>>> print(open('input39.txt').read())   # compact mmCIF, C-alpha atoms
# COMPACT_ATOMS: atom_id res chain seq x y z
CA MET A 1 8.62 2.83 -17.49
CA ALA A 2 11.06 3.88 -19.81
CA ALA A 3 14.63 3.74 -20.48
CA ARG A 4 16.53 6.25 -18.45
CA SER A 5 17.05 9.59 -20.15
CA GLN A 6 20.17 9.93 -22.25
CA SER A 7 19.93 13.72 -22.45
CA LEU A 8 20.68 14.38 -18.80
CA PRO A 9 23.68 13.13 -16.81
CA GLU A 10 23.02 10.54 -14.15
CA PRO A 11 23.54 11.82 -10.60
CA ALA A 12 26.90 11.30 -8.98
CA PRO A 13 27.10 7.79 -7.52
CA ILE A 14 25.88 7.53 -3.95
CA PRO A 15 27.47 4.91 -1.69
CA PRO A 16 24.99 2.05 -1.15
CA ALA A 17 24.86 2.69 2.58
CA GLU A 18 23.66 6.25 1.95
CA ARG A 19 20.98 5.47 -0.63
CA LEU A 20 17.36 5.85 0.37
CA PRO A 21 15.45 2.58 -0.10
CA LEU A 22 13.14 1.92 -3.04
CA ASN A 23 10.97 -1.15 -2.55
CA SER A 24 7.69 -2.47 -3.88
CA GLY A 25 4.87 -1.30 -1.68
CA ASP A 26 6.50 1.98 -0.63
CA ARG A 27 4.10 4.93 -0.73
CA LEU A 28 5.83 8.03 -2.09
CA THR A 29 5.17 11.28 -3.88
CA ARG A 30 6.22 11.28 -7.52
CA VAL A 31 9.07 13.70 -6.81
CA GLU A 32 10.43 11.52 -3.99
CA PHE A 33 10.03 8.37 -6.08
CA HIS A 34 11.97 9.92 -8.93
CA ARG A 35 14.74 11.05 -6.58
CA ARG A 36 15.15 7.60 -5.08
CA TYR A 37 14.94 5.83 -8.42
CA ARG A 38 17.84 7.88 -9.74
CA GLN A 39 19.89 6.82 -6.69
CA HIS A 40 19.55 3.14 -7.68
CA PRO A 41 21.13 2.48 -11.10
CA GLU A 42 20.99 -1.24 -10.32
CA ILE A 43 17.17 -1.10 -10.55
CA LYS A 44 16.31 -1.28 -14.24
CA LYS A 45 12.55 -0.78 -13.98
CA ALA A 46 10.43 0.74 -11.25
CA GLU A 47 7.08 2.50 -11.39
CA LEU A 48 4.95 4.68 -9.19
CA VAL A 49 1.28 3.84 -9.73
CA GLU A 50 -1.33 5.73 -7.75
CA GLY A 51 1.35 6.60 -5.19
CA VAL A 52 2.58 3.01 -4.71
CA VAL A 53 6.01 1.76 -5.82
CA TYR A 54 6.34 -1.35 -7.99
CA VAL A 55 9.84 -2.69 -8.65
CA ALA A 56 9.78 -5.05 -11.61
CA SER A 57 11.01 -8.64 -11.59
CA PRO A 58 13.54 -9.83 -14.19
CA VAL A 59 12.07 -9.95 -17.70
CA SER A 60 11.26 -13.41 -19.05
CA LEU A 61 11.91 -14.57 -22.61
CA LYS A 62 8.16 -14.82 -23.18
CA HIS A 63 7.59 -11.22 -22.13
CA SER A 64 10.50 -10.06 -24.27
CA SER A 65 9.25 -11.98 -27.31
CA HIS A 66 5.76 -10.49 -27.07
CA HIS A 67 7.24 -7.05 -26.52
CA SER A 68 9.32 -7.45 -29.66
CA GLY A 69 6.28 -8.51 -31.70
CA ALA A 70 4.22 -5.55 -30.55
CA THR A 71 7.11 -3.20 -31.31
CA ARG A 72 7.42 -4.52 -34.85
CA TRP A 73 3.67 -4.12 -35.37
CA LEU A 74 3.62 -0.48 -34.26
CA GLY A 75 6.82 0.10 -36.21
CA ALA A 76 5.13 -1.03 -39.43
CA TYR A 77 2.57 1.73 -38.87
CA ALA A 78 5.09 4.39 -37.84
CA ASP A 79 7.27 3.65 -40.88
CA VAL A 80 4.64 5.26 -43.13
CA HIS A 81 3.29 7.76 -40.61
CA PRO A 82 6.11 10.19 -39.78
CA GLU A 83 3.71 12.27 -37.69
CA VAL A 84 3.75 9.67 -34.90
CA GLU A 85 6.46 8.67 -32.46
CA ILE A 86 7.01 5.38 -30.63
CA GLN A 87 8.76 4.95 -27.30
CA THR A 88 9.63 1.73 -25.53
CA ASN A 89 10.19 1.58 -21.78
CA VAL A 90 10.30 5.35 -21.44
CA SER A 91 9.79 7.04 -18.10
CA LEU A 92 6.35 8.65 -18.47
CA ILE A 93 5.28 11.29 -15.97
CA LEU A 94 1.49 11.40 -15.77
CA ASP A 95 0.72 13.34 -12.59
CA GLY A 96 1.74 13.80 -8.96
CA ASP A 97 1.06 10.14 -8.10
CA ASN A 98 2.12 8.34 -11.26
CA GLU A 99 5.46 7.88 -13.00
CA VAL A 100 5.29 4.74 -15.11
CA GLN A 101 7.33 2.90 -17.71
CA PRO A 102 4.94 1.48 -20.31
CA ASP A 103 6.27 -1.29 -22.49
CA LEU A 104 5.26 0.71 -25.55
CA CYS A 105 3.52 3.97 -26.31
CA MET A 106 2.70 5.84 -29.50
CA TYR A 107 1.68 9.48 -29.81
CA TYR A 108 1.54 12.35 -32.27
CA GLY A 109 4.82 14.22 -32.30
CA ASP A 110 3.30 17.70 -32.40
CA GLY A 111 2.93 17.83 -28.61
CA ARG A 112 -0.85 17.72 -28.55
CA SER A 113 -0.77 15.02 -25.86
CA ALA A 114 2.59 13.60 -24.77
CA ARG A 115 5.71 15.72 -25.06
CA ALA A 116 9.38 15.63 -24.16
CA GLY A 117 10.08 17.61 -20.99
CA ASP A 118 13.12 19.71 -20.24
CA ASP A 119 14.14 16.97 -17.81
CA GLY A 120 14.57 14.48 -20.66
CA TYR A 121 11.51 12.37 -19.78
CA LEU A 122 8.10 12.02 -21.43
CA HIS A 123 5.22 14.02 -19.94
CA GLY A 124 1.48 13.84 -20.54
CA ALA A 125 -0.82 11.14 -21.91
CA PRO A 126 0.22 9.33 -25.12
CA GLU A 127 -2.70 8.47 -27.39
CA LEU A 128 -1.84 4.75 -27.19
CA VAL A 129 -0.16 2.70 -24.46
CA ILE A 130 0.66 -1.03 -24.60
CA GLU A 131 1.53 -3.19 -21.61
CA ILE A 132 2.69 -6.82 -21.75
CA SER A 133 1.04 -8.27 -18.65
CA ILE A 134 1.12 -11.56 -16.79
CA SER A 135 -2.63 -12.02 -16.30
CA SER A 136 -5.90 -10.28 -15.53
CA ALA A 137 -4.75 -10.15 -11.89
CA SER A 138 -1.93 -7.77 -12.79
CA TYR A 139 -1.98 -4.12 -11.74
CA ASP A 140 -1.89 -3.29 -15.47
CA LEU A 141 -5.64 -3.99 -15.52
CA HIS A 142 -6.41 -2.33 -12.21
CA SER A 143 -4.52 0.56 -10.61
CA LYS A 144 -2.45 1.35 -13.71
CA LEU A 145 -5.51 1.20 -15.95
CA ASN A 146 -7.19 3.71 -13.66
CA ALA A 147 -4.18 6.04 -13.82
CA TYR A 148 -4.13 5.93 -17.61
CA ARG A 149 -7.90 6.45 -17.79
CA ARG A 150 -7.88 9.40 -15.43
CA ASN A 151 -5.02 11.08 -17.29
CA GLY A 152 -6.70 10.73 -20.68
CA VAL A 153 -4.78 7.98 -22.50
CA GLN A 154 -7.16 7.46 -25.41
CA GLU A 155 -6.42 3.80 -26.15
CA TYR A 156 -4.90 1.14 -23.93
CA ILE A 157 -3.81 -2.36 -24.97
CA VAL A 158 -3.04 -5.06 -22.42
CA TRP A 159 -1.53 -8.31 -23.72
CA ARG A 160 -2.26 -10.88 -21.00
CA VAL A 161 0.44 -13.45 -21.61
CA PHE A 162 -0.73 -16.38 -19.50
CA ASP A 163 -4.39 -15.74 -20.29
CA ALA A 164 -3.61 -15.78 -24.04
CA ALA A 165 -5.69 -12.64 -24.56
CA ILE A 166 -5.26 -9.10 -25.85
CA ASP A 167 -7.58 -6.39 -24.53
CA TRP A 168 -7.84 -3.17 -26.56
CA PHE A 169 -9.71 -0.40 -24.75
CA GLU A 170 -10.82 3.02 -25.94
CA LEU A 171 -11.67 5.96 -23.69
CA ILE A 172 -15.33 6.94 -24.05
CA GLU A 173 -16.91 9.51 -21.75
CA GLY A 174 -14.23 8.97 -19.13
CA ALA A 175 -14.40 5.15 -19.08
CA TYR A 176 -12.48 2.41 -20.88
CA ARG A 177 -14.56 0.17 -23.13
CA ALA A 178 -13.29 -2.79 -25.13
CA ILE A 179 -13.13 -2.22 -28.89
CA ALA A 180 -15.10 -4.91 -30.72
CA PRO A 181 -13.37 -6.57 -33.69
CA ASP A 182 -14.89 -6.42 -37.17
CA GLU A 183 -16.38 -9.40 -39.01
CA ARG A 184 -12.87 -10.64 -39.86
CA GLY A 185 -11.72 -10.45 -36.27
CA ILE A 186 -9.64 -7.32 -36.85
CA VAL A 187 -9.52 -4.57 -34.21
CA HIS A 188 -9.23 -1.00 -35.50
CA SER A 189 -7.84 2.04 -33.72
CA GLY A 190 -10.09 5.05 -33.41
CA VAL A 191 -7.17 7.40 -32.77
CA PHE A 192 -4.64 6.37 -35.42
CA PRO A 193 -6.30 5.99 -38.85
CA GLY A 194 -5.36 2.69 -40.47
CA LEU A 195 -3.85 1.08 -37.36
CA ARG A 196 -5.34 -2.38 -37.04
CA LEU A 197 -4.55 -5.69 -35.35
CA ASP A 198 -5.42 -9.29 -36.10
CA ARG A 199 -5.52 -10.42 -32.49
CA GLU A 200 -5.71 -14.15 -33.17
CA LYS A 201 -2.67 -14.07 -35.45
CA MET A 202 -0.74 -12.05 -32.90
CA LEU A 203 -1.70 -14.44 -30.11
CA THR A 204 -0.57 -17.46 -32.13
CA GLY A 205 2.76 -15.83 -32.95
CA ASP A 206 2.00 -15.39 -36.66
CA LEU A 207 3.64 -11.99 -36.87
CA THR A 208 4.04 -12.28 -40.65
CA SER A 209 0.25 -12.23 -41.04
CA VAL A 210 -0.11 -9.42 -38.48
CA LEU A 211 2.32 -7.23 -40.42
CA ALA A 212 0.73 -8.16 -43.76
CA GLU A 213 -2.68 -7.04 -42.45
CA GLN A 214 -1.22 -3.74 -41.28
CA ARG A 215 0.45 -3.16 -44.64
CA ARG A 216 -2.81 -3.91 -46.47
CA ALA A 217 -4.50 -1.23 -44.41
CA THR A 218 -1.76 1.24 -45.30
CA ALA A 219 -1.98 0.40 -49.00
CA ALA A 220 -5.77 0.76 -48.99
CA ARG A 221 -5.60 4.19 -47.38
CA SER A 222 -2.94 5.29 -49.88
CA LYS A 223 -5.16 4.34 -52.81
CA ARG A 224 -8.05 6.32 -51.38
CA GLY A 225 -6.03 9.34 -51.19
>>> encode(input="input39.txt", output="structure tokens")
Amino acid sequence: MAARSQSLPEPAPIPPAERLPLNSGDRLTRVEFHRRYRQHPEIKKAELVEGVVYVASPVSLKHSSHHSGATRWLGAYADVHPEVEIQTNVSLILDGDNEVQPDLCMYYGDGRSARAGDDGYLHGAPELVIEISISSASYDLHSKLNAYRRNGVQEYIVWRVFDAAIDWFELIEGAYRAIAPDERGIVHSGVFPGLRLDREKMLTGDLTSVLAEQRRATAARSKRG
């Protein structure tokens, strides 16, 4: 879910007693979810996944640290690829049952997939989505994965914090399949040429090596042409 839009004014404040509830487990249409979410400025992150509401817990330091590392990694790629755009915590409208706030997403800025709507939110399916998740039991690897798959998100990365694992999936014939690393343990994107990740270095917190690997890929592509 993303940061609330800055291009549109927030609705006039509604007295707490008059606000419609928004709780985890509620089953709502996307339109009704969006209406209620805008009534609750005190809720910083809520998602509608396959018609079910999930209100996020407070963000831990560990989650924030991993989020920061992933942002810096994608930023190193975007710095030399002006054709792509990165969003963090943006409200992403996928379909009538899903309005999510991915931790990170990256997409081509020409509107071929995701695009900015007139409402100030992101619409469509970004080429790449990243979620910082608690474990394999999280909805990031179940109902949300299915929503991304069905809407055509081409690559999906889930960083399972407590499992100390990073899953990188690619969409092949309508199903997500894990991308196998190369002989050096590096995972390569099939959608963004030159985007690569040393998973073990990222998992151990060696962001310097992760960024160095990404810059080597950029330099190698530049030399070729």
>>> atom_distance(input="input39.txt", atom1="CA of Glu170 (chain A)", atom2="CA of Thr204 (chain A)")
23.7 Å
>>> residues_near_point(input="input39.txt", point="(8.8, 9.0, -20.8)", cutoff="6 Å", atoms="only C-alpha atoms", output="number ranges by chain")
A: 2, 90-92, 121-122
>>> closest_atom_pairs(input="input39.txt", of="region 42-152 of chain A", to="region 211-221 of chain A", cutoff="10 Å", atoms="only C-alpha atoms", output="JSON lines")
{"residue": "A:Gly69", "atom": "CA", "partner": "A:Leu211", "partner_atom": "CA", "distance": 9.7}
{"residue": "A:Arg72", "atom": "CA", "partner": "A:Leu211", "partner_atom": "CA", "distance": 8.0}
{"residue": "A:Trp73", "atom": "CA", "partner": "A:Leu211", "partner_atom": "CA", "distance": 6.1}
{"residue": "A:Leu74", "atom": "CA", "partner": "A:Gln214", "partner_atom": "CA", "distance": 9.1}
{"residue": "A:Gly75", "atom": "CA", "partner": "A:Leu211", "partner_atom": "CA", "distance": 9.6}
{"residue": "A:Ala76", "atom": "CA", "partner": "A:Leu211", "partner_atom": "CA", "distance": 6.9}
{"residue": "A:Tyr77", "atom": "CA", "partner": "A:Gln214", "partner_atom": "CA", "distance": 7.1}
{"residue": "A:Val80", "atom": "CA", "partner": "A:Thr218", "partner_atom": "CA", "distance": 7.9}
{"residue": "A:His81", "atom": "CA", "partner": "A:Thr218", "partner_atom": "CA", "distance": 9.5}
>>> atom_distance(input="input39.txt", atom1="CA of Pro102 (chain A)", atom2="CA of Val158 (chain A)")
10.5 Å
>>> atom_distance(input="input39.txt", atom1="CA of Glu32 (chain A)", atom2="CA of Val55 (chain A)")
15.0 Å
>>> residues_around(input="input39.txt", residues="region 126-134 of chain A", least_positions_apart="6", cutoff="8 Å", atoms="all atoms listed in the file", output="list of chain:residue names")
A:His63, A:His66, A:His67, A:Pro102, A:Asp103, A:Leu104, A:Cys105, A:Met106, A:Tyr107, A:Tyr108, A:Ser113, A:Ala114, A:Asp140, A:Val153, A:Gln154, A:Glu155, A:Tyr156, A:Ile157, A:Val158, A:Trp159, A:Arg160, A:Val161, A:Phe162, A:Asp163, A:Val191
>>> residues_around(input="input39.txt", residues="Glu173 (chain A)", least_positions_apart="5", cutoff="12 Å", atoms="only C-alpha atoms", output="list of chain:residue names")
A:Arg149, A:Arg150, A:Gly152, A:Gln154
>>> closest_residue(input="input39.txt", among="A:Arg19, A:Arg27, A:Arg184, A:Arg115", to="Lys201 (chain A)", atoms="all atoms listed in the file")
A:Arg184
>>> closest_residue(input="input39.txt", among="A:Val100, A:Ile166, A:Arg177, A:Ile172", to="Arg199 (chain A)", atoms="only C-alpha atoms")
A:Ile166
>>> closest_residue(input="input39.txt", among="A:Asn98, A:Thr88, A:Gln39, A:Ser57", to="Leu20 (chain A)", atoms="only C-alpha atoms")
A:Gln39
